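See structure below.
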Number of protein chains: 2
Amino acid sequence: MYLINNCYKQLILLAHLAEDSGVRGCMIFKPYGLDIWENIKTKLNYLLKKTGHNNFYFPLLILKSKLKKEFNHMKGFAKECAIVTHSSLKLKNRQLIIEEESKLKNELIIRPTSEAIIWDSFKKWIKSYRDLPILLNQWSNIIRWEMRPRFFLRNSEFFLQEGHTAHSTKKEARRHCKKILNLYKYFIEEILSIPVIKGRKTKLEKFAGANTTYCLEALMQDGKALQIATSHFLGKNFSRSFNVKYINKKGIYKKVWGTSWGLSTRLIGAVILTHSDKYGLILPPQIAPIQVVIIPIFKTNDYFNIKILANLVDKLSLCLKQNQISFRYDNSPKYRPGWKFNESDVQGIPIRLTIGKQEIEKGKIEVFRRDTRKKTDYKITKLKNNLIVLLKQIQRNLFKRALILQNKFICKVNNYKEFKQILNTKGGILSSHWDGSTSIEKQIKKETSASIICIPSINKKEIGKCIYSNHFSKQRVYFAKSY
Amino acid sequence: MYLINNCYKQLILLAHLAEDSGVRGCMIFKPYGLDIWENIKTKLNYLLKKTGHNNFYFPLLILKSKLKKEFNHMKGFAKECAIVTHSSLKLKNRQLIIEEESKLKNELIIRPTSEAIIWDSFKKWIKSYRDLPILLNQWSNIIRWEMRPRFFLRNSEFFLQEGHTAHSTKKEARRHCKKILNLYKYFIEEILSIPVIKGRKTKLEKFAGANTTYCLEALMQDGKALQIATSHFLGKNFSRSFNVKYINKKGIYKKVWGTSWGLSTRLIGAVILTHSDKYGLILPPQIAPIQVVIIPIFKTNDYFNIKILANLVDKLSLCLKQNQISFRYDNSPKYRPGWKFNESDVQGIPIRLTIGKQEIEKGKIEVFRRDTRKKTDYKITKLKNNLIVLLKQIQRNLFKRALILQNKFICKVNNYKEFKQILNTKGGILSSHWDGSTSIEKQIKKETSASIICIPSINKKEIGKCIYSNHFSKQRVYFAKSY
């Protein structure tokens with residue numbers, strides 16, 4: 001079940017998910033990788049619409065002057081953004097150079113996130129309590145100038161789902177923020193089969209511009225944590241900066257409360273790091289672009305059996321289509337079955353059907369489960385029902401085994417020596433006391449590379465002593481090395 | 001049926017399609033406008049996948065050095081592109097300024113189109129004839145620095161569908177190029193109800209980097225033409241510039257032949273300018289985010305009838321859902337029915353159902369067709385079938401009346417005086433002789449603002465004299481003022 005860590009990129013290339021583009025930190029999404037994202041998008045979009053969110057699309061480019069308005073927000077993103085300064089090129093001595101006359105008076109930033117441009121619109125849209133709440137969502141590409149880019153996990157350009165809401169009361173805003181966190185948890189556990197830990201970030205780790213950042217963290221097979229999704233309670237920070245007020249029922253002007261929340265193509269990185277094994281990817285059926293691959297085995301001159309085979313596959317295809325099971329019939333003569341088996345393993349296709357002369361004669365089909373690697377023969381007549389059940393089982397099984405691993409990786413640690421020892425051997429999540437001081441948090445991170453991934457929401461209040469300072473601590477928090 | 005031209009933007013605002021963003025040439029897509037694009041995307045994507053195209057996603061940013069490679073292509077886009085030169089901002093004296101140290105060694109261009117970056121990848125992917133053809137497609141946002149931006153028609157940022165293919169023979173590439181043009185024609189006429197004229201561009205008007213640009217042109221209600229979609233035969237231009245070769249069956253190296261083709265959110269502008277009337281938009285049912293609006297009429301204290309109404313609407317909703325008819329039940333107490341009628345007119349919802357006490361008692365529902373503005377009462381029991389038929393009729397009727405208008409607007413003109421006169425009065429498409437010279441084409445454009453929108457593919461060869469130069473001409477071409 002373990003993915004060797006340095007194979008991560010190689011696996012992405014072999015499975016045809018993505019490849020290098022030659023532009024620093026930007027990758028090319030290949031059809032298989034893009035289709036996974038499209039599946040995630042379709043399913044999450046459905047849930048967001050159902051909970052009252054409407055999709056908008058705001059411009060890619062943000063005026064520098066708008067980004068500046070919310071001070072903490074700006075500070076968080078200013079160091080890593082793509083800045084557009086000119087609008088024209090010209091040829092000079094056969095070189096293509098910037099036309100200095102096209103210098104923009106107002107520089108533009110490629111959005112690293114859209115709070116600034118959206119709150120600028122909220123100001124125009126919100127006048128009265130009747131205009132609230134506003135629940136909006138956006139699917140877009142964004143740029144963050146990553147220092148150490150990594151496929152899916154830290155791309156300079158990536159796809160983001162970002163929600164932005166405005167509310168009349170603090171209570172409603174905070175409740176919405178938590179509602180989304182729960183929706184994300186449901187989605188990620190049910191659709192991506194990744195168990196997550198719910199919590200909130202420390203002051204040091206929270207989103208630039210938020211009062212509170214709620215988060216979902218997952219544990220990868222190598223014992224490192226990965227931030228999966230976040231939901232930010234923005235308080236009145238943005239309404240203050242952008243001067244967004246509404247008139248309440250009593251005719252009094254009030255500042256608007258805000259939230260924002262998002263997840264990204266990073267999820268695909270999480271799927272790879274959670275479910276892969278030494279044979280390649282394993283995709284949860286709910287997001288697999290191909291749920292079933294059918295590989296025929298025949299001698300190229302055996303026309304009689306080829307015809308019977310073709311008939312059988314036709315019927316099977318129709319049946320799969322009717323049951324909305326996505327499949328690929330891999331009958332290309334270019335490659336041998338062994339090559340195809342290997343390919344479907346690497347690509348993590350949940351179920352593989354093998355059909356040959358023997359199977360046809362027996363009225364059976366060999367069914368291979370990618371997760372357990374078990375083969376079973378099923379009667380052709382009962383295949384459909386079995387496939388539906390199997391896909392559900394695989395989805396559940398992937399979650400179950402990831403959860404077992406996660407639980408193994410969480411342990412309570414009571415002193416700093418043990419803390420460092422476990423971090424450098426087993427890794428995982430260390431539940432430890434911390435005195436709440438940002439400087440101690442930074443110091444631990446500096447010495448061990450472990451950060452506080454979250455203050456878990458399930459934690460019982462427990463009095464203890466900070467592992468580093470020995471000062472009073474009111475609860476344990478989760479430390480881990482993370483992606 | 002005529003949309004007053006200067007109401008174009010106002011209509012877009014009133015119908016909640018889009019609004020200004022404060023960033024020059026970039027607009028905010030509101031849910032209703034975005035949903036139209038999503039419908040277009042879903043339906044065209046299906047056709048493109050069915051014809052063997054796979055979706056990729058290439059980076060937003062292109063290295064300046066790559067853009068430079070294809071000379072004509074570069075020349076065509078160099079003057080209007082967004083150039084990223086720095087990657088970091090800093091605060092100085094409370095001003096947010098560019099960090100000069102973050103100046104990029106290699107400037108990046110936000111894609112105005114993706115030929116350059118895609119052919120850079122084709123070079124890596126294509127080795128042998130076995131790797132061909134490559135048929136790929138991309139849905140993305142692009143930036144072109146428009147001098148005179150206009151909502152949907154000429155945005156600086158807009159959504160583009162762009163196909164890129166590589167072939168081993170000239171014949172195959174050209175055939176594919178034309179196949180796509182026909183697919184576009186089918187799509188635009190069937191789904192958007194816009195009749196189009198098929199043709200090819202002159203040397204002056206063709207795509208930067210293409211050998212031939214095939215195009216679809218449509219005629220708007222004000223007599224101006226609008227380019228709807230293009231399909232470019234790239235010849236060996238890009239394979240030469242990017243050095244893309246394959247080994248053929250005989251072991252000989254050959255250059256690859258290319259095509260590219262695209263359409264964009266401009267289509268939404270075309271829908272508005274083709275189908276609107278003085279009451280507002282009229283959306284073809286195939287792309288309408290809401291196909292049916294249900295408006296109840298009741299007194300707020302008439303609880304008995306409200307309950308019966310609610311029951312009826314529940315049943316109706318279920319039935320519409322089952323038949324995949326999208327609808328909105330507009331029962332908000334905030335607005336009166338008259339306001340809602342007006343709103344659904346402006347938004348161009350194809351069918352409006354009104355239900356009140358009287359209708360319930362009679363077992364009938366009032367059905368209003370947005371295109372003809374005719375009201376009919378239908379029995380509730382027969383409503384479903386009637387709605388399905390009506391939606392098809394509206395779709396066809398919109399096409400038919402746009403076609404009648406188009407035909408009225410095409411006329412043969414044989415001398416320059418008449419040419420100018422018609423242009424300045426009736427407008428439309430003028431089918432005239434032209435001697436094939438680019439300088440004459442430019443001169444006519446300069447004097448009249450009319451360009452050659454296309455050399456129509458249906459034109460019979462006809463010998464004549466150029467309306468401007470009196471030189472020999474072998475065929476008529478289509479002139480028009482265009483968007």
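Going by the structure tokens order, chains are called A, B, ..., each with residues numbered from 1, while ligands are numbered from 1 in the order shown.
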Enumerate as number ranges by chain the residues belonging to chain A that approach chain B to within 6 Å, with only C-alpha atoms taken into account. A: 26, 28-31, 55-59, 78-84, 86-89
Item to complete: Could you find all residues in region 56-224 of chain B that DSSP calls strand (DSSP E or B) from the backbone, and write them as a PyMOL selection string?
Response: chain B and resi 57+61-63+83-86+89-92+95-98+103-110+128+134-143+150+154+157-167+197-200+212-219
| said: Set the distance at 12 Å and use only C-alpha atoms: which residues neighbour region 182-188 of chain B once local chain neighbours fewer than 3 positions away are removed? I'd like the list as a ChimeraX atom specification. | reply: /B:40-48,50-51,161,163,175-179,191-199,214-218,228-231,261-264,267-268,270-271,284,286-287,395,399,457
Q.
I'd like the contact shell of Glu70 (chain B) - 8 Å cut-off, only C-alpha atoms, skipping same-chain residues fewer than 5 positions apart - returned as JSON, numbers by chain.
A. {"B": [116, 209, 237, 238, 241, 242]}
re CA of Asp345 (chain B) and CA of Arg370 (chain B): distance 6.9 Å
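Taking CA of Trp139 (chain A) and CA of Glu162 (chain A) as endpoints, the distance between them is 6.6 Å.
A straight line drawn from CA of Leu387 (chain B) to CA of Ile351 (chain B) is 8.2 Å long.
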Query - Selection near Glu418 (chain B), 12 Å with only C-alpha atoms, sequence-local residues under 3 positions removed, as a ChimeraX atom specification - result: /B:411-415,421-427,430-432,467-468
Selection above as a file: C-alpha atoms, as a PDB file, in the first residue's frame:
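Below is the file again10.pdb, written as the result:
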```pdb
ATOM      1  CA  CYS B 411     -27.879  41.733 -51.769  1.00  0.00           C
ATOM      2  CA  LYS B 412     -25.820  41.873 -54.934  1.00  0.00           C
ATOM      3  CA  VAL B 413     -24.187  45.210 -55.621  1.00  0.00           C
ATOM      4  CA  ASN B 414     -22.448  46.022 -58.861  1.00  0.00           C
ATOM      5  CA  ASN B 415     -20.931  49.466 -58.468  1.00  0.00           C
ATOM      6  CA  GLN B 421     -25.310  54.030 -50.503  1.00  0.00           C
ATOM      7  CA  ILE B 422     -26.663  50.676 -49.323  1.00  0.00           C
ATOM      8  CA  LEU B 423     -24.010  50.388 -46.638  1.00  0.00           C
ATOM      9  CA  ASN B 424     -25.057  53.695 -45.158  1.00  0.00           C
ATOM     10  CA  THR B 425     -28.773  53.044 -45.297  1.00  0.00           C
ATOM     11  CA  LYS B 426     -29.915  49.463 -45.084  1.00  0.00           C
ATOM     12  CA  GLY B 427     -26.549  47.903 -44.237  1.00  0.00           C
ATOM     13  CA  LEU B 430     -23.093  43.255 -49.992  1.00  0.00           C
ATOM     14  CA  SER B 431     -22.135  40.603 -52.488  1.00  0.00           C
ATOM     15  CA  SER B 432     -19.734  42.341 -54.820  1.00  0.00           C
ATOM     16  CA  ILE B 467     -16.455  47.494 -57.878  1.00  0.00           C
ATOM     17  CA  TYR B 468     -13.496  49.659 -56.901  1.00  0.00           C
TER      18      TYR B 468
END
```
Next item on the list: Skip region 354-369 of chain B itself and residues of its chain fewer than 2 positions away, then list as number ranges by chain all residues within 7 Å of it, counting only C-alpha atoms.
Entry: B: 294-298, 305, 350-352, 371-380
Practice task
Identify, with DSSP run on backbone atoms, the residues in region 398-475 of chain B assigned to helix (DSSP H, G or I), and express the list as a ChimeraX atom specification.
Solution key: /B:398-409,416-424,438-448
